[in-house]
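Visitor: Got a structure for you, written out below as structure tokens; questions coming shortly.
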Amino acid sequence: SHLPVGAKVVFIGNTEESFETKEAKEALTSATILLFCKCDRNLIEKIWPLMPSLEWMHSCSTGVDHLLFPKLIESDVFLTNSRGTFSDSLAEYVALGCLYFSKDVDRWKRQQKDKIWEKYVVEEIRGKTLGIIGFGHIGQSAGKLAKSLGMRIIGLKRRVYDISPNDGICDEILSSSQVGELMEKSDYVCVAAALTPSTRGMVGMDELAKARPHTVIINVGRGPIIDEEALIKALKEGKIRGACLDVFETEPLPKTSPLWEMENVLMSPHNADMTATFLHDSVRLFALEVNLFRDGTKVNLHYVDKVSGY
């Protein structure tokens, strides 16, 4: 309903079978835009030869690591994503992770269950340091909210020159080669980077070994950025205090994973950004830009660097 006059939807499908009909193949021939909400590279690769007129692809999600394939990367088709649409919800999740461990919410719940009235000292996150790995839109939103709660912010990004020292958020800026230093300085670590070949396993055994014993790891980026086996080992051995995880190396998380039963882990099923209106907001954001595309104007969405992967 948000599409401009003159634009039309030629076909809707979400399985390989739905695109095998004569109607689908004829419709795809004329398609200049492809909007994908819930699909993966296998489906897109299969229908790719059927779309000779394609000029623009848009992802309703922020991460595109599960969508990129060689022919798309090498093509002239430009790719955009919904960066920024989900940042506020994910920032709240990061704040939740900090507060959950600082207030020892598990202890409150245990005492409530056992009807125990026992006061204990709680921590403040004010004055604590939040290190953010991946200071893009999500990282900035998390940093801004944490800053309002009195936290000190360290931002880490591959292109450090993209972060202004006067942005009002960062107290310190580090490059992607300084993950270990960020670990040494942080009370809480938020992983918010995109998954690329260079970020896969970015937080591994060596980096976790540099973390403080009271450090909490919060992952709202992608699971494989953290070496999950190394994380589990660090949690079991008390090398770090805990972890708050919305994403995992394998999803759904296998029932055999030790993470399910670890008391120092707070987990969610990759739904920290699944608000009541998340899909509608994302599609609406896209639809409002179709008019610009039709007029030959650059759309006001994030253009993905298909080679870098974000």
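Ligands are numbered from 1 in the order shown, residues from 1 within each chain, and chains are lettered A, B, ... in the order they appear in the structure tokens.
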Report as a list in words all protein, DNA and RNA residues lying within 8 Å of A:Val160, evaluated on only C-alpha atoms, omitting residues in the same chain fewer than 5 positions from it.

Guide: Ile173, Leu174 and Ser175 of chain A

Visitor: A:Arg284: which residues within 12 Å, counting only C-alpha atoms, same-chain residues fewer than 3 positions away excluded, as a list of chain:residue names?

Guide: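 In the requested form, the answer reads A:Ser1, A:His2, A:Leu3, A:Pro4, A:Leu35, A:Cys60, A:Ser82, A:Thr85, A:Thr277, A:Phe278, A:Leu279, A:His280, A:Asp281, A:Ala287, A:Leu288, A:Glu289, A:Val290.
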
Visitor: Restricted to C-alpha atoms, what would the selected residues look like written as a short mmCIF file (atom, residue, chain, number, x, y, z; two decimals), in the first residue's frame?

Guide:
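Final output, out.cif:
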```cif
data_model
loop_
_atom_site.label_atom_id
_atom_site.label_comp_id
_atom_site.auth_asym_id
_atom_site.auth_seq_id
_atom_site.Cartn_x
_atom_site.Cartn_y
_atom_site.Cartn_z
CA SER A 1 0.00 0.00 0.00
CA HIS A 2 3.04 2.29 0.39
CA LEU A 3 4.28 1.75 -3.18
CA PRO A 4 4.11 4.83 -5.43
CA LEU A 35 12.70 -7.47 -2.05
CA CYS A 60 14.53 -6.49 5.13
CA SER A 82 17.46 -2.12 6.55
CA THR A 85 15.47 -0.12 11.62
CA THR A 277 6.11 -3.98 13.89
CA PHE A 278 9.64 -4.93 12.81
CA LEU A 279 8.73 -6.41 9.41
CA HIS A 280 6.17 -3.73 8.62
CA ASP A 281 8.67 -1.01 9.51
CA ALA A 287 8.55 1.09 -0.22
CA LEU A 288 9.03 4.79 0.43
CA GLU A 289 12.28 4.68 -1.56
CA VAL A 290 10.85 3.02 -4.67
#
```

Visitor: Which residues of stretch 173-292 of chain A have any atom within 12 Å of an atom in stretch 135-153 of chain A when counting only C-alpha atoms, and what is the closest pair of atoms for each, with the distance in Å to one decimal? Order the rows by chain and rising number and write it as a tab-separated table.

Guide:
```
residue	atom	partner	partner_atom	distance
A:Ile173	CA	A:Ile153	CA	8.7
A:Leu174	CA	A:Phe135	CA	10.0
A:Ser175	CA	A:Phe135	CA	10.3
A:Ser176	CA	A:Phe135	CA	10.3
A:Leu182	CA	A:Ile153	CA	10.3
A:Lys185	CA	A:Ile153	CA	10.2
A:Ser186	CA	A:Ile153	CA	8.8
A:Asp187	CA	A:Arg152	CA	9.7
A:Tyr188	CA	A:Ile153	CA	9.8
A:Val189	CA	A:Ile153	CA	10.0
A:Cys190	CA	A:Gly139	CA	7.8
A:Val191	CA	A:Gly139	CA	8.0
A:Ala192	CA	A:Gly139	CA	5.6
A:Ala193	CA	A:Phe135	CA	7.2
A:Ala194	CA	A:Gly136	CA	8.9
A:Ile218	CA	A:Ala142	CA	11.1
A:Asn219	CA	A:Gly139	CA	10.9
A:Val220	CA	A:Ile138	CA	8.7
A:Gly221	CA	A:Ile138	CA	8.7
A:Asp273	CA	A:Ile138	CA	10.8
```

Visitor: Would you mind exporting the chosen residues as a compact mmCIF listing (two decimals), in the first residue's frame, restricted to all heavy atoms?

Guide:
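Listing of out33.txt after writing:
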```txt
# COMPACT_ATOMS: atom_id res chain seq x y z
N ILE A 173 38.52 5.29 21.14
CA ILE A 173 38.31 4.64 19.85
C ILE A 173 39.47 3.70 19.56
O ILE A 173 40.64 4.07 19.67
CB ILE A 173 38.20 5.69 18.72
CG1 ILE A 173 37.04 6.65 19.00
CG2 ILE A 173 38.01 5.00 17.38
CD1 ILE A 173 37.02 7.86 18.08
N LEU A 174 39.14 2.45 19.19
CA LEU A 174 40.15 1.45 18.87
C LEU A 174 39.92 0.88 17.48
O LEU A 174 38.80 0.92 16.96
CB LEU A 174 40.12 0.32 19.90
CG LEU A 174 40.39 0.68 21.36
CD1 LEU A 174 40.22 -0.56 22.25
CD2 LEU A 174 41.77 1.28 21.54
N SER A 175 40.97 0.33 16.88
CA SER A 175 40.85 -0.30 15.56
C SER A 175 40.54 -1.78 15.74
O SER A 175 40.64 -2.34 16.84
CB SER A 175 42.15 -0.12 14.78
OG SER A 175 43.18 -0.91 15.35
N SER A 176 40.19 -2.44 14.64
CA SER A 176 39.79 -3.85 14.70
C SER A 176 40.92 -4.78 15.13
O SER A 176 40.67 -5.93 15.50
CB SER A 176 39.24 -4.30 13.34
OG SER A 176 40.19 -4.06 12.32
N LEU A 182 40.58 -3.94 23.99
CA LEU A 182 39.21 -3.62 24.39
C LEU A 182 38.76 -4.56 25.51
O LEU A 182 38.12 -4.13 26.48
CB LEU A 182 38.28 -3.73 23.19
CG LEU A 182 36.78 -3.46 23.44
CD1 LEU A 182 36.16 -2.69 22.29
CD2 LEU A 182 36.00 -4.76 23.66
N LYS A 185 40.08 -3.61 28.94
CA LYS A 185 39.58 -2.36 29.50
C LYS A 185 38.09 -2.36 29.81
O LYS A 185 37.59 -1.41 30.44
CB LYS A 185 39.88 -1.21 28.53
CG LYS A 185 41.36 -0.93 28.31
CD LYS A 185 41.55 0.20 27.32
CE LYS A 185 43.02 0.60 27.18
NZ LYS A 185 43.20 1.72 26.22
N SER A 186 37.35 -3.39 29.40
CA SER A 186 35.89 -3.35 29.46
C SER A 186 35.31 -4.22 30.58
O SER A 186 35.80 -5.31 30.86
CB SER A 186 35.29 -3.81 28.12
OG SER A 186 35.73 -2.98 27.05
N ASP A 187 34.24 -3.71 31.18
CA ASP A 187 33.46 -4.49 32.14
C ASP A 187 32.37 -5.28 31.42
O ASP A 187 32.00 -6.37 31.83
CB ASP A 187 32.81 -3.56 33.17
CG ASP A 187 33.84 -2.72 33.91
OD1 ASP A 187 34.65 -3.30 34.65
OD2 ASP A 187 33.84 -1.48 33.74
N TYR A 188 31.87 -4.70 30.34
CA TYR A 188 30.87 -5.33 29.50
C TYR A 188 31.35 -5.19 28.06
O TYR A 188 31.86 -4.14 27.67
CB TYR A 188 29.50 -4.68 29.66
CG TYR A 188 28.95 -4.77 31.07
CD1 TYR A 188 29.27 -3.82 32.03
CD2 TYR A 188 28.14 -5.84 31.45
CE1 TYR A 188 28.80 -3.90 33.33
CE2 TYR A 188 27.65 -5.94 32.74
CZ TYR A 188 27.98 -4.97 33.68
OH TYR A 188 27.51 -5.09 34.97
N VAL A 189 31.16 -6.24 27.26
CA VAL A 189 31.59 -6.21 25.86
C VAL A 189 30.39 -6.53 24.98
O VAL A 189 29.78 -7.61 25.11
CB VAL A 189 32.72 -7.22 25.58
CG1 VAL A 189 33.04 -7.26 24.08
CG2 VAL A 189 33.97 -6.86 26.38
N CYS A 190 30.04 -5.60 24.11
CA CYS A 190 28.93 -5.78 23.17
C CYS A 190 29.51 -6.10 21.80
O CYS A 190 30.30 -5.33 21.25
CB CYS A 190 28.08 -4.52 23.11
SG CYS A 190 26.95 -4.46 21.69
N VAL A 191 29.12 -7.23 21.23
CA VAL A 191 29.53 -7.60 19.88
C VAL A 191 28.39 -7.23 18.94
O VAL A 191 27.30 -7.79 19.03
CB VAL A 191 29.85 -9.11 19.78
CG1 VAL A 191 30.21 -9.48 18.34
CG2 VAL A 191 30.98 -9.48 20.72
N ALA A 192 28.64 -6.26 18.06
CA ALA A 192 27.60 -5.76 17.17
C ALA A 192 28.08 -5.67 15.73
O ALA A 192 27.46 -5.01 14.90
CB ALA A 192 27.12 -4.38 17.64
N ALA A 193 29.18 -6.35 15.42
CA ALA A 193 29.75 -6.28 14.07
C ALA A 193 28.97 -7.16 13.10
O ALA A 193 28.27 -8.09 13.49
CB ALA A 193 31.22 -6.72 14.12
N ALA A 194 29.14 -6.87 11.82
CA ALA A 194 28.59 -7.72 10.77
C ALA A 194 29.50 -8.93 10.60
O ALA A 194 30.69 -8.87 10.90
CB ALA A 194 28.50 -6.95 9.46
N ILE A 218 28.14 -9.69 25.54
CA ILE A 218 26.79 -9.55 24.99
C ILE A 218 26.88 -9.58 23.47
O ILE A 218 27.56 -8.74 22.88
CB ILE A 218 26.14 -8.22 25.45
CG1 ILE A 218 26.15 -8.12 26.98
CG2 ILE A 218 24.72 -8.11 24.91
CD1 ILE A 218 25.84 -6.73 27.50
N ASN A 219 26.22 -10.53 22.83
CA ASN A 219 26.32 -10.65 21.37
C ASN A 219 24.98 -10.39 20.70
O ASN A 219 24.03 -11.15 20.84
CB ASN A 219 26.83 -12.05 20.98
CG ASN A 219 27.26 -12.11 19.52
OD1 ASN A 219 27.13 -11.14 18.78
ND2 ASN A 219 27.77 -13.25 19.10
N VAL A 220 24.93 -9.29 19.94
CA VAL A 220 23.76 -8.96 19.13
C VAL A 220 24.15 -8.86 17.66
O VAL A 220 23.38 -8.39 16.83
CB VAL A 220 23.09 -7.64 19.58
CG1 VAL A 220 22.46 -7.79 20.95
CG2 VAL A 220 24.08 -6.48 19.56
N GLY A 221 25.36 -9.30 17.34
CA GLY A 221 25.85 -9.25 15.96
C GLY A 221 25.50 -10.53 15.23
O GLY A 221 24.38 -10.74 14.79
N ASP A 273 15.39 -8.24 18.20
CA ASP A 273 14.90 -7.14 17.37
C ASP A 273 13.52 -7.45 16.78
O ASP A 273 13.02 -6.71 15.94
CB ASP A 273 15.89 -6.83 16.25
CG ASP A 273 16.19 -8.04 15.37
OD1 ASP A 273 15.64 -9.13 15.65
OD2 ASP A 273 16.98 -7.92 14.42
```

Visitor: For A:Asp246, which residue among A:Tyr93, A:Tyr303, A:Tyr310, A:Trp48 is the nearest when counting only C-alpha atoms?

Guide: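 Among the listed residues, the smallest separation from A:Asp246 belongs to A:Tyr93.
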
Visitor: As a list in words, please: the residues near stretch 222-237 of chain A (cut-off 7 Å, only C-alpha atoms, same-chain neighbours under 2 positions excluded).

Guide: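 So, after excluding close chain neighbours, the residues are Ala194, Leu195, Thr199, Arg200, Gly201, Met202, Val203, Gly204, Met205, Val220, Lys239, Ile240, Arg241, Gly242, Val247, Phe248 and Glu249 of chain A.
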
Visitor: For those residues, write C-alpha atoms to a file as an mmCIF file, in the first residue's frame.

Guide:
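This went into part_29.cif:
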```cif
data_model
loop_
_atom_site.group_PDB
_atom_site.id
_atom_site.type_symbol
_atom_site.label_atom_id
_atom_site.label_comp_id
_atom_site.auth_asym_id
_atom_site.auth_seq_id
_atom_site.Cartn_x
_atom_site.Cartn_y
_atom_site.Cartn_z
ATOM 1 C CA ALA A 194 28.585 -7.720 10.771
ATOM 2 C CA LEU A 195 29.732 -11.232 9.899
ATOM 3 C CA THR A 199 35.197 -10.821 11.680
ATOM 4 C CA ARG A 200 34.550 -14.574 11.841
ATOM 5 C CA GLY A 201 36.176 -15.811 15.050
ATOM 6 C CA MET A 202 37.201 -12.256 15.935
ATOM 7 C CA VAL A 203 36.572 -12.985 19.613
ATOM 8 C CA GLY A 204 38.485 -16.180 20.275
ATOM 9 C CA MET A 205 40.431 -17.886 23.010
ATOM 10 C CA VAL A 220 23.755 -8.962 19.125
ATOM 11 C CA LYS A 239 37.422 -16.587 33.197
ATOM 12 C CA ILE A 240 34.493 -14.244 32.561
ATOM 13 C CA ARG A 241 31.388 -13.529 34.614
ATOM 14 C CA GLY A 242 28.714 -14.332 32.097
ATOM 15 C CA VAL A 247 22.853 -15.140 18.260
ATOM 16 C CA PHE A 248 24.793 -18.389 17.942
ATOM 17 C CA GLU A 249 27.148 -20.255 15.628
#
```

Visitor: Out of stretch 53-125 of chain A, which residues get helix (DSSP H, G or I) from DSSP, as an MDAnalysis selection string?

Guide: chainID A and resid 70:74 87:102 105:113

Visitor: Can you spit out the residues from that selection as a CSV table (one decimal), in the first residue's frame, using N, CA, C and O atoms?

Guide:
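result.csv written:
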```
chain,number,residue,atom,x,y,z
A,70,PRO,N,28.6,-15.4,-5.3
A,70,PRO,CA,29.5,-14.8,-6.3
A,70,PRO,C,28.9,-14.0,-7.4
A,70,PRO,O,29.3,-12.9,-7.7
A,71,LYS,N,27.8,-14.5,-8.0
A,71,LYS,CA,27.2,-13.8,-9.2
A,71,LYS,C,26.6,-12.5,-8.7
A,71,LYS,O,26.6,-11.5,-9.5
A,72,LEU,N,26.0,-12.5,-7.6
A,72,LEU,CA,25.5,-11.2,-7.0
A,72,LEU,C,26.6,-10.2,-6.8
A,72,LEU,O,26.5,-9.1,-7.2
A,73,ILE,N,27.6,-10.7,-6.1
A,73,ILE,CA,28.8,-9.8,-5.8
A,73,ILE,C,29.4,-9.2,-7.1
A,73,ILE,O,29.7,-8.0,-7.1
A,74,GLU,N,29.5,-10.0,-8.1
A,74,GLU,CA,30.2,-9.6,-9.3
A,74,GLU,C,29.2,-8.8,-10.2
A,74,GLU,O,29.7,-8.1,-11.2
A,87,SER,N,17.9,-0.9,15.4
A,87,SER,CA,19.0,-0.6,16.3
A,87,SER,C,18.5,-0.2,17.7
A,87,SER,O,19.1,-0.6,18.7
A,88,ASP,N,17.3,0.4,17.9
A,88,ASP,CA,16.8,0.8,19.2
A,88,ASP,C,16.5,-0.4,20.0
A,88,ASP,O,16.8,-0.5,21.2
A,89,SER,N,15.8,-1.4,19.4
A,89,SER,CA,15.5,-2.6,20.2
A,89,SER,C,16.7,-3.4,20.6
A,89,SER,O,16.8,-3.9,21.7
A,90,LEU,N,17.7,-3.4,19.7
A,90,LEU,CA,19.0,-4.1,20.1
A,90,LEU,C,19.8,-3.4,21.1
A,90,LEU,O,20.4,-4.0,22.0
A,91,ALA,N,19.7,-2.1,21.1
A,91,ALA,CA,20.4,-1.3,22.1
A,91,ALA,C,19.7,-1.5,23.5
A,91,ALA,O,20.4,-1.6,24.5
A,92,GLU,N,18.4,-1.7,23.5
A,92,GLU,CA,17.7,-2.0,24.8
A,92,GLU,C,18.2,-3.4,25.3
A,92,GLU,O,18.3,-3.6,26.5
A,93,TYR,N,18.4,-4.3,24.4
A,93,TYR,CA,18.8,-5.7,24.7
A,93,TYR,C,20.2,-5.6,25.4
A,93,TYR,O,20.5,-6.3,26.4
A,94,VAL,N,21.1,-4.8,24.8
A,94,VAL,CA,22.4,-4.6,25.4
A,94,VAL,C,22.3,-4.0,26.8
A,94,VAL,O,23.0,-4.5,27.7
A,95,ALA,N,21.5,-3.0,27.0
A,95,ALA,CA,21.3,-2.4,28.3
A,95,ALA,C,20.8,-3.5,29.3
A,95,ALA,O,21.2,-3.6,30.5
A,96,LEU,N,19.8,-4.3,28.8
A,96,LEU,CA,19.3,-5.4,29.6
A,96,LEU,C,20.4,-6.3,30.1
A,96,LEU,O,20.4,-6.7,31.3
A,97,GLY,N,21.3,-6.7,29.2
A,97,GLY,CA,22.4,-7.6,29.5
A,97,GLY,C,23.2,-7.0,30.6
A,97,GLY,O,23.6,-7.7,31.6
A,98,CYS,N,23.5,-5.7,30.5
A,98,CYS,CA,24.4,-5.1,31.6
A,98,CYS,C,23.6,-5.1,32.9
A,98,CYS,O,24.2,-5.4,33.9
A,99,LEU,N,22.4,-4.7,32.9
A,99,LEU,CA,21.6,-4.6,34.1
A,99,LEU,C,21.3,-6.0,34.7
A,99,LEU,O,21.3,-6.1,36.0
A,100,TYR,N,21.1,-6.9,33.9
A,100,TYR,CA,20.7,-8.3,34.4
A,100,TYR,C,21.8,-8.8,35.3
A,100,TYR,O,21.6,-9.4,36.3
A,101,PHE,N,23.1,-8.7,34.8
A,101,PHE,CA,24.2,-9.2,35.6
A,101,PHE,C,24.6,-8.2,36.7
A,101,PHE,O,25.0,-8.7,37.8
A,102,SER,N,24.5,-6.9,36.5
A,102,SER,CA,24.9,-6.0,37.6
A,102,SER,C,24.0,-6.1,38.8
A,102,SER,O,24.4,-5.9,39.9
A,105,VAL,N,19.9,-10.5,38.8
A,105,VAL,CA,18.5,-10.8,38.7
A,105,VAL,C,18.2,-12.2,39.0
A,105,VAL,O,17.2,-12.6,39.6
A,106,ASP,N,19.1,-13.1,38.6
A,106,ASP,CA,18.9,-14.5,39.0
A,106,ASP,C,18.8,-14.8,40.5
A,106,ASP,O,18.0,-15.6,40.9
A,107,ARG,N,19.6,-14.0,41.2
A,107,ARG,CA,19.5,-14.2,42.7
A,107,ARG,C,18.2,-13.7,43.2
A,107,ARG,O,17.5,-14.3,44.1
A,108,TRP,N,17.7,-12.6,42.7
A,108,TRP,CA,16.4,-12.1,43.1
A,108,TRP,C,15.3,-13.1,42.8
A,108,TRP,O,14.4,-13.4,43.6
A,109,LYS,N,15.4,-13.7,41.6
A,109,LYS,CA,14.4,-14.8,41.3
A,109,LYS,C,14.4,-16.0,42.1
A,109,LYS,O,13.4,-16.6,42.5
A,110,ARG,N,15.7,-16.4,42.5
A,110,ARG,CA,15.8,-17.6,43.3
A,110,ARG,C,15.2,-17.3,44.7
A,110,ARG,O,14.6,-18.1,45.3
A,111,GLN,N,15.5,-16.1,45.2
A,111,GLN,CA,15.0,-15.7,46.6
A,111,GLN,C,13.5,-15.6,46.6
A,111,GLN,O,12.9,-16.0,47.5
A,112,GLN,N,13.0,-15.1,45.5
A,112,GLN,CA,11.5,-15.0,45.4
A,112,GLN,C,10.9,-16.4,45.4
A,112,GLN,O,9.9,-16.7,46.1
A,113,LYS,N,11.5,-17.3,44.6
A,113,LYS,CA,11.0,-18.7,44.5
A,113,LYS,C,11.0,-19.4,45.8
A,113,LYS,O,10.1,-20.1,46.2
```

Visitor: Quick one: residues within 12 Å of A:Pro52, only C-alpha atoms counted, chain neighbours fewer than 5 positions away excluded, as a list of chain:residue names?

Guide: A:Lys25, A:Glu26, A:Ala27, A:Leu28, A:Thr29, A:Ser30, A:Ala31, A:Thr32, A:Ile33, A:Leu34, A:Ile47, A:Ser75, A:Asp76, A:Val77

Visitor: Taking 6 positions as the minimum chain separation for residues in the same chain, which residues sit within 8 Å of A:Ala243 when counting only C-alpha atoms? Answer as a ChimeraX atom specification.

Guide: /A:216-218,235,264-266

Visitor: As a ChimeraX atom specification, please: every residue in stretch 41-75 of chain A that DSSP puts in strand (DSSP E or B).

Guide: /A:56-59

Visitor: Tell me, in Å to one decimal, how far atom CA of A:Leu259 is from atom CA of A:Gly131.

Guide: 22.9 Å

Visitor: Nearest to A:Met274 among A:Ala211, A:Ser61, A:Met183, A:Gly127, with distances taken over only C-alpha atoms: which residue is it?

Guide: A:Ser61

Visitor: Quick one: of A:Lys46, A:Ser268, A:Pro213, A:Leu54, who's nearest to A:Glu20, counting only C-alpha atoms?

Guide: A:Lys46

Visitor: Taking only C-alpha atoms into account, name the residue in A:Ser257, A:His214, A:Trp56, A:Val9 that is nearest to A:Glu123.

Guide: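 That would be A:His214, the residue with the smallest distance to A:Glu123.
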
Visitor: Measuring atom to atom with only C-alpha atoms, identify which of A:Asp104, A:Ala276, A:Glu16, A:Ser308 is nearest to A:Arg158.

Guide: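 With only C-alpha atoms as the atom set, the closest residue is A:Ser308.
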
Visitor: Between atom CA of A:Lys38 and atom CA of A:His58, measure the distance and give it in Å to one decimal.

Guide: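 That distance, rounded to one decimal, is 11.7 Å.
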